[in-house]
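What follows is upload_26.cif (mmCIF, C-alpha atoms).
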data_model
#
loop_
_atom_site.label_atom_id
_atom_site.label_comp_id
_atom_site.auth_asym_id
_atom_site.auth_seq_id
_atom_site.Cartn_x
_atom_site.Cartn_y
_atom_site.Cartn_z
CA MET N 1 36.95 -2.34 -37.46
CA THR N 2 39.35 -2.13 -34.53
CA SER N 3 37.80 -0.66 -31.42
CA PRO N 4 39.39 2.72 -30.64
CA ASP N 5 40.26 1.66 -27.11
CA LEU N 6 43.25 3.68 -25.97
CA PRO N 7 42.14 7.34 -26.22
CA LEU N 8 38.67 6.32 -25.01
CA ARG N 9 40.30 4.75 -21.99
CA ARG N 10 42.28 7.92 -21.42
CA ALA N 11 39.08 9.95 -21.57
CA ALA N 12 37.56 7.65 -18.97
CA VAL N 13 40.53 8.30 -16.68
CA LEU N 14 39.85 12.02 -16.98
CA ALA N 15 36.18 11.70 -16.04
CA PRO N 16 35.15 14.03 -13.20
CA ARG N 17 35.00 12.29 -9.85
CA ARG N 18 31.88 14.09 -8.70
CA ALA N 19 29.74 13.87 -11.78
CA THR N 20 26.66 16.00 -12.17
CA VAL N 21 24.16 15.35 -14.94
CA THR N 22 25.77 18.13 -16.97
CA SER N 23 29.37 17.06 -16.40
CA LEU N 24 28.55 13.44 -17.17
CA ARG N 25 26.90 14.45 -20.43
CA ARG N 26 29.94 16.51 -21.40
CA HIS N 27 32.19 13.59 -20.57
CA ASN N 28 30.08 11.23 -22.67
CA ARG N 29 30.11 13.77 -25.51
CA ALA N 30 33.91 13.67 -25.42
CA LEU N 31 33.85 9.87 -25.53
CA VAL N 32 31.55 9.88 -28.54
CA LEU N 33 33.53 12.47 -30.51
CA THR N 34 36.77 10.60 -29.76
CA HIS N 35 35.21 7.38 -30.99
CA VAL N 36 33.99 8.93 -34.24
CA VAL N 37 37.35 10.56 -35.01
CA LEU N 38 39.24 7.35 -34.33
CA ALA N 39 36.85 5.10 -36.21
CA GLY N 40 36.69 7.30 -39.29
CA GLN N 41 33.14 6.13 -39.81
CA THR N 42 30.95 4.22 -37.42
CA SER N 43 27.35 3.57 -36.43
CA ARG N 44 25.31 4.72 -33.45
CA ALA N 45 25.12 1.13 -32.24
CA ASP N 46 28.93 0.79 -32.33
CA ILE N 47 29.26 4.09 -30.49
CA ALA N 48 26.88 2.91 -27.79
CA ARG N 49 28.69 -0.40 -27.37
CA ASP N 50 32.25 0.95 -27.33
CA CYS N 51 31.47 3.98 -25.18
CA GLY N 52 29.32 2.08 -22.67
CA LEU N 53 26.20 4.12 -23.44
CA SER N 54 22.59 3.31 -24.15
CA LEU N 55 21.59 3.53 -27.81
CA ALA N 56 19.29 6.43 -26.96
CA SER N 57 22.14 8.37 -25.28
CA ALA N 58 24.49 7.68 -28.18
CA THR N 59 21.86 8.84 -30.66
CA ASN N 60 21.22 12.07 -28.73
CA LEU N 61 24.92 12.85 -28.46
CA VAL N 62 25.49 12.22 -32.17
CA SER N 63 22.61 14.60 -32.92
CA GLU N 64 24.19 17.22 -30.65
CA LEU N 65 27.57 16.88 -32.37
CA ALA N 66 25.89 17.08 -35.78
CA GLU N 67 24.18 20.33 -34.76
CA GLU N 68 27.61 21.68 -33.80
CA GLY N 69 28.88 20.79 -37.27
CA LEU N 70 31.44 18.26 -36.00
CA VAL N 71 29.96 15.01 -37.34
CA GLU N 72 27.74 14.05 -40.27
CA GLU N 73 25.91 11.09 -41.74
CA VAL N 74 27.84 9.57 -44.65
CA GLY N 75 25.59 6.83 -46.03
CA THR N 76 24.32 3.44 -45.02
CA VAL N 77 25.33 -0.20 -44.97
CA SER N 78 23.03 -3.19 -45.07
CA SER N 79 22.09 -4.98 -41.88
CA GLN N 80 21.13 -8.59 -41.32
CA GLY N 81 17.44 -8.49 -42.11
CA GLY N 82 16.68 -5.06 -40.66
CA ARG N 83 16.76 -1.50 -41.87
CA PRO N 84 20.04 -0.19 -43.32
CA ILE N 85 22.52 1.08 -40.76
CA THR N 86 23.37 4.78 -41.01
CA LEU N 87 27.05 5.59 -40.76
CA VAL N 88 28.45 8.63 -38.96
CA ALA N 89 31.83 10.29 -39.60
CA PRO N 90 33.68 13.46 -38.63
CA ARG N 91 32.60 16.37 -40.79
CA PRO N 92 35.84 17.29 -42.61
CA ASP N 93 35.27 21.04 -42.44
CA GLY N 94 33.85 20.87 -38.93
CA ALA N 95 37.22 22.01 -37.61
CA TYR N 96 40.79 22.30 -38.83
CA LEU N 97 43.99 21.61 -36.95
CA VAL N 98 47.60 22.60 -37.46
CA GLY N 99 50.48 20.35 -36.45
CA ALA N 100 54.09 21.52 -36.64
CA ASP N 101 57.23 19.41 -36.51
CA VAL N 102 59.74 21.89 -35.12
CA GLY N 103 63.33 20.79 -35.52
CA GLU N 104 66.54 22.56 -34.71
CA ARG N 105 67.05 23.35 -38.40
CA GLY N 106 63.57 24.37 -39.46
CA VAL N 107 59.87 23.50 -39.38
CA ALA N 108 57.31 21.41 -41.24
CA VAL N 109 53.82 22.81 -40.65
CA GLU N 110 50.77 20.81 -41.76
CA LEU N 111 47.06 21.61 -41.91
CA PHE N 112 44.54 18.80 -41.24
CA ASP N 113 40.78 18.57 -41.45
CA LEU N 114 38.68 16.91 -38.75
CA ARG N 115 39.13 13.51 -40.39
CA MET N 116 42.88 14.00 -39.83
CA ARG N 117 43.55 14.17 -43.56
CA ARG N 118 46.36 16.51 -44.52
CA VAL N 119 45.01 19.49 -46.45
CA ASP N 120 48.24 21.44 -46.98
CA ARG N 121 51.80 21.73 -45.71
CA GLU N 122 54.58 24.31 -45.62
CA PHE N 123 58.31 24.01 -44.91
CA ARG N 124 60.74 26.67 -43.72
CA GLY N 125 64.44 26.55 -42.85
CA GLY N 126 66.28 23.26 -43.05
CA HIS N 127 69.91 24.16 -43.79
CA ALA N 128 71.60 24.95 -40.49
CA GLN N 129 70.86 24.98 -36.78
CA GLU N 130 68.63 27.91 -35.91
CA LEU N 131 68.09 30.02 -32.82
CA PRO N 132 64.62 30.35 -31.25
CA GLU N 133 63.95 33.68 -32.97
CA MET N 134 64.68 32.07 -36.35
CA ILE N 135 62.39 29.16 -35.55
CA SER N 136 59.72 31.70 -34.59
CA ARG N 137 60.19 33.42 -37.96
CA ASP N 138 59.89 30.08 -39.76
CA LEU N 139 56.70 29.20 -37.92
CA THR N 140 55.13 32.61 -38.48
CA GLN N 141 55.91 32.56 -42.20
CA ALA N 142 54.69 28.99 -42.64
CA LEU N 143 51.42 29.69 -40.80
CA ALA N 144 50.86 32.85 -42.84
CA ALA N 145 51.38 30.91 -46.08
CA LEU N 146 48.91 28.22 -45.02
CA GLU N 147 46.33 30.82 -44.01
CA GLU N 148 46.69 32.64 -47.32
CA ARG N 149 46.10 29.44 -49.30
CA ASN N 150 43.32 28.14 -47.02
CA PRO N 151 41.29 31.14 -45.80
CA GLN N 152 38.09 29.16 -45.27
CA ALA N 153 39.85 26.54 -43.18
CA TRP N 154 41.39 29.28 -41.05
CA THR N 155 37.96 30.53 -40.00
CA ARG N 156 37.36 27.11 -38.37
CA LEU N 157 40.87 26.56 -37.00
CA ALA N 158 40.61 24.75 -33.65
CA GLY N 159 44.23 25.29 -32.69
CA ILE N 160 47.92 24.86 -33.43
CA GLY N 161 50.03 22.04 -32.02
CA LEU N 162 53.82 22.11 -31.85
CA GLY N 163 56.14 19.10 -31.56
CA LEU N 164 59.35 20.58 -30.11
CA PRO N 165 62.98 19.51 -29.53
CA GLY N 166 63.15 19.59 -25.75
CA ILE N 167 61.12 19.43 -22.56
CA VAL N 168 57.81 21.30 -22.59
CA GLU N 169 56.50 22.16 -19.12
CA THR N 170 52.97 23.37 -18.42
CA ASP N 171 52.18 25.45 -15.36
CA ALA N 172 48.97 25.47 -13.31
CA ASP N 173 47.50 28.23 -15.49
CA GLY N 174 48.23 26.42 -18.75
CA GLY N 175 51.31 28.45 -19.67
CA GLN N 176 53.99 26.44 -21.42
CA VAL N 177 57.78 26.82 -21.58
CA LEU N 178 60.32 24.95 -23.72
CA TYR N 179 63.58 23.83 -22.12
CA ALA N 180 65.99 22.82 -24.91
CA GLN N 181 69.20 22.24 -22.99
CA SER N 182 70.84 20.21 -25.76
CA LEU N 183 70.44 23.11 -28.18
CA GLY N 184 71.91 25.62 -25.75
CA TRP N 185 68.71 27.69 -25.68
CA ASP N 186 67.50 29.67 -22.72
CA PRO N 187 63.95 28.71 -21.62
CA VAL N 188 61.48 29.81 -24.33
CA PRO N 189 57.81 30.61 -23.58
CA ILE N 190 55.74 28.84 -26.23
CA GLY N 191 53.87 32.05 -26.97
CA ASP N 192 57.17 33.61 -28.09
CA LEU N 193 57.50 31.00 -30.84
CA VAL N 194 54.15 31.91 -32.40
CA PRO N 195 53.41 35.50 -31.38
CA GLY N 196 49.94 36.70 -32.27
CA TYR N 197 48.38 33.24 -32.36
CA ARG N 198 45.94 31.86 -29.81
CA ASP N 199 45.05 28.27 -28.98
CA VAL N 200 48.62 27.03 -29.27
CA VAL N 201 49.65 23.89 -27.38
CA ALA N 202 53.01 22.10 -27.45
CA ASP N 203 54.79 18.95 -26.37
CA ASN N 204 58.08 17.19 -26.94
CA GLY N 205 58.37 15.89 -30.51
CA ALA N 206 58.98 12.29 -29.46
CA LYS N 207 55.76 12.39 -27.46
CA THR N 208 53.76 13.80 -30.37
CA LEU N 209 55.23 11.05 -32.56
CA ALA N 210 54.08 8.52 -29.96
CA LYS N 211 50.64 10.13 -29.82
CA ALA N 212 50.21 9.76 -33.59
CA GLU N 213 51.23 6.11 -33.45
CA GLN N 214 48.93 5.49 -30.47
CA TRP N 215 45.87 7.05 -32.11
CA PHE N 216 46.26 5.96 -35.71
CA GLY N 217 49.47 4.02 -36.24
CA ALA N 218 51.62 1.10 -35.20
CA ALA N 219 50.84 1.47 -31.47
CA ARG N 220 47.05 1.62 -31.90
CA GLY N 221 45.26 -0.94 -29.77
CA VAL N 222 48.49 -1.63 -27.85
CA ARG N 223 48.49 -0.97 -24.12
CA HIS N 224 52.27 -1.05 -23.62
CA ALA N 225 54.59 0.40 -26.25
CA LEU N 226 57.91 2.14 -26.77
CA VAL N 227 57.87 4.71 -29.58
CA VAL N 228 61.40 5.75 -30.50
CA LEU N 229 62.44 8.94 -32.29
CA LEU N 230 65.89 8.86 -33.86
CA GLY N 231 67.00 12.09 -35.51
CA ARG N 232 69.68 14.61 -34.66
CA GLY N 233 68.32 14.16 -31.18
CA VAL N 234 67.05 10.94 -29.65
CA GLY N 235 63.69 10.71 -27.90
CA LEU N 236 61.09 8.28 -26.65
CA GLY N 237 57.37 8.12 -26.03
CA MET N 238 56.49 5.46 -23.49
CA VAL N 239 52.94 4.10 -23.40
CA VAL N 240 52.13 2.29 -20.15
CA ASP N 241 48.71 0.71 -19.64
CA GLY N 242 47.35 2.80 -22.50
CA VAL N 243 48.62 6.15 -21.20
CA LEU N 244 51.47 8.17 -22.71
CA GLN N 245 53.79 8.89 -19.81
CA GLN N 246 54.57 12.51 -18.90
CA GLY N 247 56.20 12.37 -15.46
CA ALA N 248 55.82 14.91 -12.67
CA HIS N 249 56.77 17.87 -14.87
CA SER N 250 56.56 16.44 -18.42
CA SER N 251 60.21 15.40 -18.76
CA ALA N 252 59.54 11.65 -18.63
CA SER N 253 61.31 9.52 -21.25
CA GLU N 254 64.23 11.86 -22.02
CA TRP N 255 65.88 8.69 -23.22
CA GLY N 256 68.49 10.36 -25.39
CA HIS N 257 70.31 11.41 -22.24
CA ALA N 258 70.36 8.01 -20.59
CA LYS N 259 74.03 7.14 -20.01
CA VAL N 260 75.33 4.23 -22.09
CA GLU N 261 79.04 4.66 -21.31
CA ARG N 262 80.67 5.90 -18.13
CA ALA N 263 82.68 9.07 -18.87
CA GLY N 264 81.95 8.48 -22.56
CA ARG N 265 81.57 10.82 -25.51
CA ALA N 266 80.65 14.44 -24.89
CA CYS N 267 76.97 15.18 -25.50
CA ARG N 268 75.34 18.42 -26.58
CA CYS N 269 73.51 18.55 -23.25
CA GLY N 270 76.82 19.07 -21.45
CA GLY N 271 77.03 15.52 -20.11
CA HIS N 272 79.10 12.55 -21.21
CA GLY N 273 78.16 9.07 -22.36
CA CYS N 274 74.57 9.93 -23.40
CA LEU N 275 72.83 7.69 -25.91
CA GLU N 276 72.35 10.67 -28.24
CA ALA N 277 76.14 11.08 -28.45
CA TYR N 278 76.30 7.65 -30.10
CA VAL N 279 73.16 7.23 -32.20
CA GLY N 280 72.05 10.79 -32.99
CA ALA N 281 72.54 11.74 -36.65
CA ASP N 282 75.49 14.05 -36.04
CA ALA N 283 77.22 11.49 -33.83
CA ILE N 284 76.80 8.74 -36.44
CA LEU N 285 78.14 10.86 -39.30
CA GLU N 286 80.98 12.30 -37.22
CA ALA N 287 82.06 8.75 -36.39
CA TRP N 288 82.06 7.91 -40.10
CA ALA N 289 84.01 11.07 -41.00
CA ALA N 290 86.60 10.07 -38.38
CA THR N 291 87.32 6.93 -40.45
CA GLY N 292 88.39 9.16 -43.34
CA ALA N 293 85.12 8.99 -45.24
CA GLN N 294 84.07 11.96 -47.37
CA PHE N 295 80.42 12.75 -48.01
CA GLU N 296 78.12 15.69 -48.60
CA GLY N 297 75.73 17.14 -46.05
CA SER N 298 74.60 15.84 -42.70
CA GLY N 299 71.09 14.59 -43.38
CA TRP N 300 69.08 11.94 -45.17
CA ARG N 301 71.40 11.62 -48.17
CA ALA N 302 74.58 11.40 -46.09
CA LEU N 303 73.09 8.71 -43.88
CA GLY N 304 72.04 6.82 -47.00
CA GLU N 305 75.61 7.01 -48.31
CA LEU N 306 76.82 5.50 -45.03
CA LEU N 307 74.38 2.61 -45.27
CA ASP N 308 75.27 2.03 -48.94
CA ALA N 309 78.98 1.99 -48.07
CA ALA N 310 78.35 -0.51 -45.28
CA GLU N 311 76.32 -2.64 -47.71
CA ARG N 312 79.35 -2.67 -50.03
CA GLY N 313 81.51 -3.88 -47.17
CA GLU N 314 83.62 -0.74 -46.70
CA SER N 315 85.31 -1.28 -43.35
CA GLY N 316 84.88 2.19 -41.87
CA ALA N 317 81.17 2.36 -42.70
CA THR N 318 80.63 -1.21 -41.53
CA ALA N 319 82.23 -0.44 -38.17
CA VAL N 320 80.05 2.64 -37.68
CA VAL N 321 76.82 0.80 -38.54
CA ASP N 322 77.83 -2.10 -36.30
CA ASP N 323 78.39 0.35 -33.45
CA VAL N 324 74.94 1.90 -33.95
CA VAL N 325 73.27 -1.52 -33.79
CA ASP N 326 75.42 -2.60 -30.83
CA THR N 327 74.45 0.58 -28.95
CA LEU N 328 70.75 0.68 -29.76
CA GLY N 329 70.25 -3.01 -29.01
CA PRO N 330 71.25 -2.87 -25.31
CA ALA N 331 69.66 0.59 -24.85
CA LEU N 332 66.28 -0.72 -26.02
CA GLY N 333 66.81 -4.12 -24.41
CA SER N 334 67.13 -2.39 -21.03
CA LEU N 335 63.79 -0.66 -21.65
CA VAL N 336 62.23 -3.98 -22.62
CA ASN N 337 63.29 -5.39 -19.25
CA LEU N 338 61.98 -2.30 -17.45
CA THR N 339 58.64 -1.85 -19.23
CA ASN N 340 57.72 -5.17 -20.92
CA PRO N 341 56.30 -3.58 -24.11
CA GLU N 342 54.10 -5.32 -26.65
CA ARG N 343 55.37 -3.10 -29.45
CA ILE N 344 58.49 -1.11 -30.27
CA VAL N 345 57.92 1.53 -32.95
CA ILE N 346 60.97 3.17 -34.49
CA GLY N 347 60.60 6.54 -36.19
CA GLY N 348 62.31 9.88 -36.70
CA TRP N 349 64.18 10.48 -39.94
CA VAL N 350 67.23 8.52 -38.81
CA GLY N 351 65.06 5.65 -37.61
CA LEU N 352 63.17 5.59 -40.90
CA ARG N 353 66.50 5.57 -42.78
CA LEU N 354 67.85 2.69 -40.72
CA MET N 355 64.80 0.43 -40.60
CA PRO N 356 64.58 -0.79 -44.22
CA SER N 357 68.06 -2.33 -44.14
CA LEU N 358 68.73 -2.84 -40.42
CA ALA N 359 65.37 -3.83 -38.90
CA PRO N 360 66.21 -7.56 -38.55
CA ARG N 361 69.61 -6.76 -36.99
CA LEU N 362 68.14 -4.18 -34.63
CA GLU N 363 65.41 -6.54 -33.52
CA ALA N 364 67.90 -9.34 -32.92
CA ALA N 365 70.15 -6.99 -30.92
CA ILE N 366 67.23 -5.86 -28.75
CA ARG N 367 66.18 -9.43 -28.03
CA ALA N 368 69.77 -10.45 -27.26
CA ALA N 369 70.00 -7.64 -24.68
CA SER N 370 66.64 -8.49 -23.07
CA LEU N 371 65.71 -11.18 -20.62
CA THR N 372 64.44 -14.19 -22.52
CA ARG N 373 60.78 -13.93 -21.53
CA PRO N 374 60.10 -10.19 -22.11
CA GLY N 375 62.46 -10.40 -25.08
CA SER N 376 60.02 -12.79 -26.75
CA GLN N 377 56.91 -10.68 -26.14
CA PHE N 378 57.26 -7.66 -28.43
CA THR N 379 57.22 -6.83 -32.13
CA VAL N 380 59.24 -4.11 -33.86
CA LEU N 381 57.67 -1.87 -36.51
CA PRO N 382 58.58 1.37 -38.33
CA ALA N 383 56.60 4.54 -37.67
CA THR N 384 53.42 4.65 -39.74
CA PHE N 385 53.40 8.16 -41.17
CA GLY N 386 57.03 8.52 -42.18
CA GLY N 387 58.36 12.04 -41.93
CA ASP N 388 54.90 13.40 -41.10
CA THR N 389 54.47 11.52 -37.82
CA VAL N 390 55.55 14.30 -35.43
CA ALA N 391 53.27 16.81 -37.20
CA VAL N 392 50.31 14.41 -37.12
CA GLY N 393 50.81 13.92 -33.38
CA ALA N 394 51.19 17.66 -32.84
CA ALA N 395 47.84 18.25 -34.57
CA LEU N 396 46.26 15.81 -32.12
CA LEU N 397 47.10 18.20 -29.26
CA PRO N 398 44.51 20.83 -30.31
CA LEU N 399 42.17 18.01 -31.33
CA GLU N 400 42.25 16.70 -27.75
CA ARG N 401 41.50 20.21 -26.50
CA LEU N 402 38.57 20.41 -28.89
CA ILE N 403 37.25 17.05 -27.75
CA HIS N 404 37.54 17.85 -24.05
CA ALA N 405 36.73 21.58 -24.29
CA ASP N 406 33.49 21.38 -22.33
CA GLU N 407 34.58 18.59 -19.98
CA PRO N 408 35.52 19.48 -16.38
CA ALA N 409 39.01 18.39 -15.44
CA ALA N 410 39.51 15.68 -12.82
CA ARG N 411 40.40 16.93 -9.36
#
Starting from the file, lay out its structure as structure tokens.
Amino acid sequence: MTSPDLPLRRAAVLAPRRATVTSLRRHNRALVLTHVVLAGQTSRADIARDCGLSLASATNLVSELAEEGLVEEVGTVSSQGGRPITLVAPRPDGAYLVGADVGERGVAVELFDLRMRRVDREFRGGHAQELPEMISRDLTQALAALEERNPQAWTRLAGIGLGLPGIVETDADGGQVLYAQSLGWDPVPIGDLVPGYRDVVADNGAKTLAKAEQWFGAARGVRHALVVLLGRGVGLGMVVDGVLQQGAHSSASEWGHAKVERAGRACRCGGHGCLEAYVGADAILEAWAATGAQFEGSGWRALGELLDAAERGESGATAVVDDVVDTLGPALGSLVNLTNPERIVIGGWVGLRLMPSLAPRLEAAIRAASLTRPGSQFTVLPATFGGDTVAVGAALLPLERLIHADEPAAR
């Protein structure tokens, strides 16, 4: 079993500088619960080893978590000559978590148990770009539907996480505000999106995608990674030395608005030459329509038609696909030179549509745009959870709060 290194390392970074006996115990409790959730099932000896604890301390903390209803014993495995080893796992109904993938055209809201298994999901919207009040309606209706179908889970709901299209800033008191400049929205307090609900926490959707991949997916066990979200918007989660980067005010890695052409195409953000204006879904399909192509919709099926047309050798489609590869390659190659990643993970619905047919070309284009040495030191993989990745990562936001609830923050 792979050691759940990265979130444990993050927890260690957050350890209080002036530890008392109580604060140290709470910190160690967070380490143990993190380990159990990541491992799925584990032993007390493995917990002690990976968390840097004595076996007695690990055993006491597991007992404490079991009394709280968060972990449980799930059987035994044989040992080499000794007594059977008892396995410990998260108790599925110990807590429930909601993760929501909030797009500009609707929401996908998913309910998870403490083993991070999806229990239920609900979709709303999805046909046209919506204003914040419509997104709020979608979220409220989806949450109400999930609660109606899962009343018992709702009594143990630890919180709601939102993966949002824009910058999410958090003030000193924990209040959060969404800044979605590309969508033309005024700043939106997160509480306005889910009125009447408590324990709501949000982050940018690309960062929640990266969080899911870092905890359970293609970036697990990797200390340096680039996790790319390609959809109508373009985003990035950047993992450096095991830590998902946030920046001074949480706007780090707004990669979709990096300039790839001086005075280039107009972007929804109001600028020109942004990456999103070339490889976002609308930009790709608008470029194809400009060749005279006719197709239905502006989503998954339309993008598939483009790729099929390019596969058949239709010149207009081929030129558009070539341009996407020729733009993404240097854009990611520049990041390879800047950050020296071990892994590049490509997700978002556009990324997942492109990867099956274009992965070898994209990888070659990235390497060609990188310096030789760092360009030989990474692998490229698709996102692990498909269209659910943003929601999985969003659900990890309240899970982290649950894990660190009793732990004093670092000063």
- request: Could you tell me which residues the PyMOL selection byres ((chain N and resi 77-84) around 12) returns for this structure, as a PyMOL selection string?
  value: chain N and resi 41-43+45+73-76+85-88
Target residues per the PyMOL selection byres ((chain N and resi 188) around 6), formatted as a tab-separated table (two decimals) with C-alpha atoms, keeping the file's coordinate frame:
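The result, stored in part_38.tsv:
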chain	number	residue	atom	x	y	z
N	177	VAL	CA	57.78	26.82	-21.58
N	178	LEU	CA	60.32	24.95	-23.72
N	187	PRO	CA	63.95	28.71	-21.62
N	189	PRO	CA	57.81	30.61	-23.58
task: Pick out the closest residue to Arg137 in chain N from this set: N:Asp192, N:Asp50, N:Glu254, N:Glu342. Count all atoms listed in the file.
output: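 Ranked by minimum distance to Arg137 in chain N, first place goes to N:Asp192.
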- prompt: Taking the file as shown, what set of residues would the PyMOL selection byres ((chain N and resi 161-166) around 9) give back, as a PyMOL selection string?
  reply: chain N and resi 97-104+109+159-160+167-168+178-183+190+199-209+233+235+251+254+390-391+393-399
- line: Counting all atoms listed in the file, the residue among N:Asp113, N:Glu169, N:Asp282, N:Asp186 that lies closest to Cys267 in chain N is N:Asp282
- request: Using only C-alpha atoms, determine which residues lie at most 10 Å from range 214-224 of chain N, disregarding the query and same-chain residues fewer than 3 positions distant; provide the list as a PyMOL selection string.
  value: chain N and resi 2-7+37-39+116+208-211+227+237-244+339-346+378+380-385+389+392-393+396
Nearby residues, (76.3, 0.4, -25.8) file frame, 10 Å, only C-alpha atoms, as a CSV table (one decimal) with C-alpha atoms, in the frame of the given file:
chain,number,residue,atom,x,y,z
N,259,LYS,CA,74.0,7.1,-20.0
N,260,VAL,CA,75.3,4.2,-22.1
N,261,GLU,CA,79.0,4.7,-21.3
N,273,GLY,CA,78.2,9.1,-22.4
N,274,CYS,CA,74.6,9.9,-23.4
N,275,LEU,CA,72.8,7.7,-25.9
N,278,TYR,CA,76.3,7.6,-30.1
N,279,VAL,CA,73.2,7.2,-32.2
N,323,ASP,CA,78.4,0.4,-33.4
N,324,VAL,CA,74.9,1.9,-34.0
N,325,VAL,CA,73.3,-1.5,-33.8
N,326,ASP,CA,75.4,-2.6,-30.8
N,327,THR,CA,74.4,0.6,-29.0
N,328,LEU,CA,70.8,0.7,-29.8
N,329,GLY,CA,70.2,-3.0,-29.0
N,330,PRO,CA,71.2,-2.9,-25.3
N,331,ALA,CA,69.7,0.6,-24.8
Wanna dump the range 107-190 of chain N-range 290-312 of chain N contacts at 10 Å for me, each residue with its shortest atom pair and the distance in Å to one decimal, counting all atoms listed in the file, ordered by chain and number, as a tab-separated table?
residue	atom	partner	partner_atom	distance
N:Gly126	CA	N:Gly299	CA	9.9
N:His127	CA	N:Gly297	CA	9.4
N:Ala128	CA	N:Ser298	CA	9.8
One-decimal distance in Å that lies between CA of Gly280 in chain N and CA of Trp349 in chain N: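 CA of Trp349 in chain N sits 10.5 Å away from CA of Gly280 in chain N.
Distance-wise, CA of Ala225 in chain N and CA of Ser357 in chain N end up 22.6 Å apart.
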field: d(CA of Thr59 in chain N, CA of Asp93 in chain N) in Å
entry: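 That distance, rounded to one decimal, is 21.6 Å.
Considering the residues N:Gly175, N:His272, N:Gly333, N:Ser54 and counting only C-alpha atoms, Ser370 in chain N has its shortest atom-to-atom contact with N:Gly333.
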task: Using all atoms listed in the file, pick whichever of N:Val71, N:Ala142, N:Leu24, N:Asp388 has the shortest atom-to-atom distance to Arg117 in chain N.
output: N:Asp388
Extending 5 Å beyond the listed atoms of range 121-126 of chain N on each side, what axis-aligned box results? I want centre and edge lengths in Å to one decimal, as JSON.
{"center_x": 59.0, "center_y": 24.2, "center_z": -44.3, "size_x": 24.5, "size_y": 14.9, "size_z": 12.9}
Pick from N:Arg367, N:Arg115, N:Arg373, N:Arg265, whichever lies nearest to Arg91 in chain N using all atoms listed in the file: N:Arg115
Contact residues around Gly351 in chain N with all atoms listed in the file at 7 Å, ignoring same-chain residues under 4 positions, as number ranges by chain: N: 229-230, 346-347, 355
Save the residues we just selected, C-alpha atoms, as a CSV table (one decimal), in the frame of the given file?
chain,number,residue,atom,x,y,z
N,229,LEU,CA,62.4,8.9,-32.3
N,230,LEU,CA,65.9,8.9,-33.9
N,346,ILE,CA,61.0,3.2,-34.5
N,347,GLY,CA,60.6,6.5,-36.2
N,355,MET,CA,64.8,0.4,-40.6
Where atoms are missing, can you supply N, CA and C atoms for range 83-95 of chain N and output the lot as a JSON list (two decimals), keeping the file's coordinate frame?
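Below is the file rebuild16.json, written as the result:
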[["chain", "number", "residue", "atom", "x", "y", "z"],
["N", 83, "ARG", "N", 16.57, -2.71, -41.07],
["N", 83, "ARG", "CA", 16.76, -1.50, -41.87],
["N", 83, "ARG", "C", 18.25, -1.23, -42.05],
["N", 84, "PRO", "N", 18.62, -0.53, -43.12],
["N", 84, "PRO", "CA", 20.04, -0.19, -43.32],
["N", 84, "PRO", "C", 20.59, 0.60, -42.14],
["N", 85, "ILE", "N", 21.85, 0.41, -41.87],
["N", 85, "ILE", "CA", 22.52, 1.08, -40.76],
["N", 85, "ILE", "C", 23.15, 2.37, -41.26],
["N", 86, "THR", "N", 22.81, 3.48, -40.62],
["N", 86, "THR", "CA", 23.37, 4.78, -41.01],
["N", 86, "THR", "C", 24.75, 4.95, -40.39],
["N", 87, "LEU", "N", 25.69, 5.38, -41.22],
["N", 87, "LEU", "CA", 27.05, 5.59, -40.76],
["N", 87, "LEU", "C", 27.29, 7.07, -40.44],
["N", 88, "VAL", "N", 28.11, 7.29, -39.42],
["N", 88, "VAL", "CA", 28.45, 8.63, -38.96],
["N", 88, "VAL", "C", 29.97, 8.81, -39.06],
["N", 89, "ALA", "N", 30.40, 10.00, -39.46],
["N", 89, "ALA", "CA", 31.83, 10.29, -39.60],
["N", 89, "ALA", "C", 32.10, 11.72, -39.17],
["N", 90, "PRO", "N", 33.36, 12.05, -38.89],
["N", 90, "PRO", "CA", 33.68, 13.46, -38.63],
["N", 90, "PRO", "C", 33.36, 14.29, -39.87],
["N", 91, "ARG", "N", 32.82, 15.46, -39.67],
["N", 91, "ARG", "CA", 32.60, 16.37, -40.79],
["N", 91, "ARG", "C", 33.95, 17.02, -41.12],
["N", 92, "PRO", "N", 34.47, 16.83, -42.33],
["N", 92, "PRO", "CA", 35.84, 17.29, -42.61],
["N", 92, "PRO", "C", 36.06, 18.76, -42.29],
["N", 93, "ASP", "N", 35.10, 19.61, -42.67],
["N", 93, "ASP", "CA", 35.27, 21.04, -42.44],
["N", 93, "ASP", "C", 34.67, 21.49, -41.13],
["N", 94, "GLY", "N", 34.37, 20.51, -40.24],
["N", 94, "GLY", "CA", 33.85, 20.87, -38.93],
["N", 94, "GLY", "C", 34.87, 21.61, -38.09],
["N", 95, "ALA", "N", 36.13, 21.31, -38.30],
["N", 95, "ALA", "CA", 37.22, 22.01, -37.61],
["N", 95, "ALA", "C", 38.51, 21.67, -38.35]]
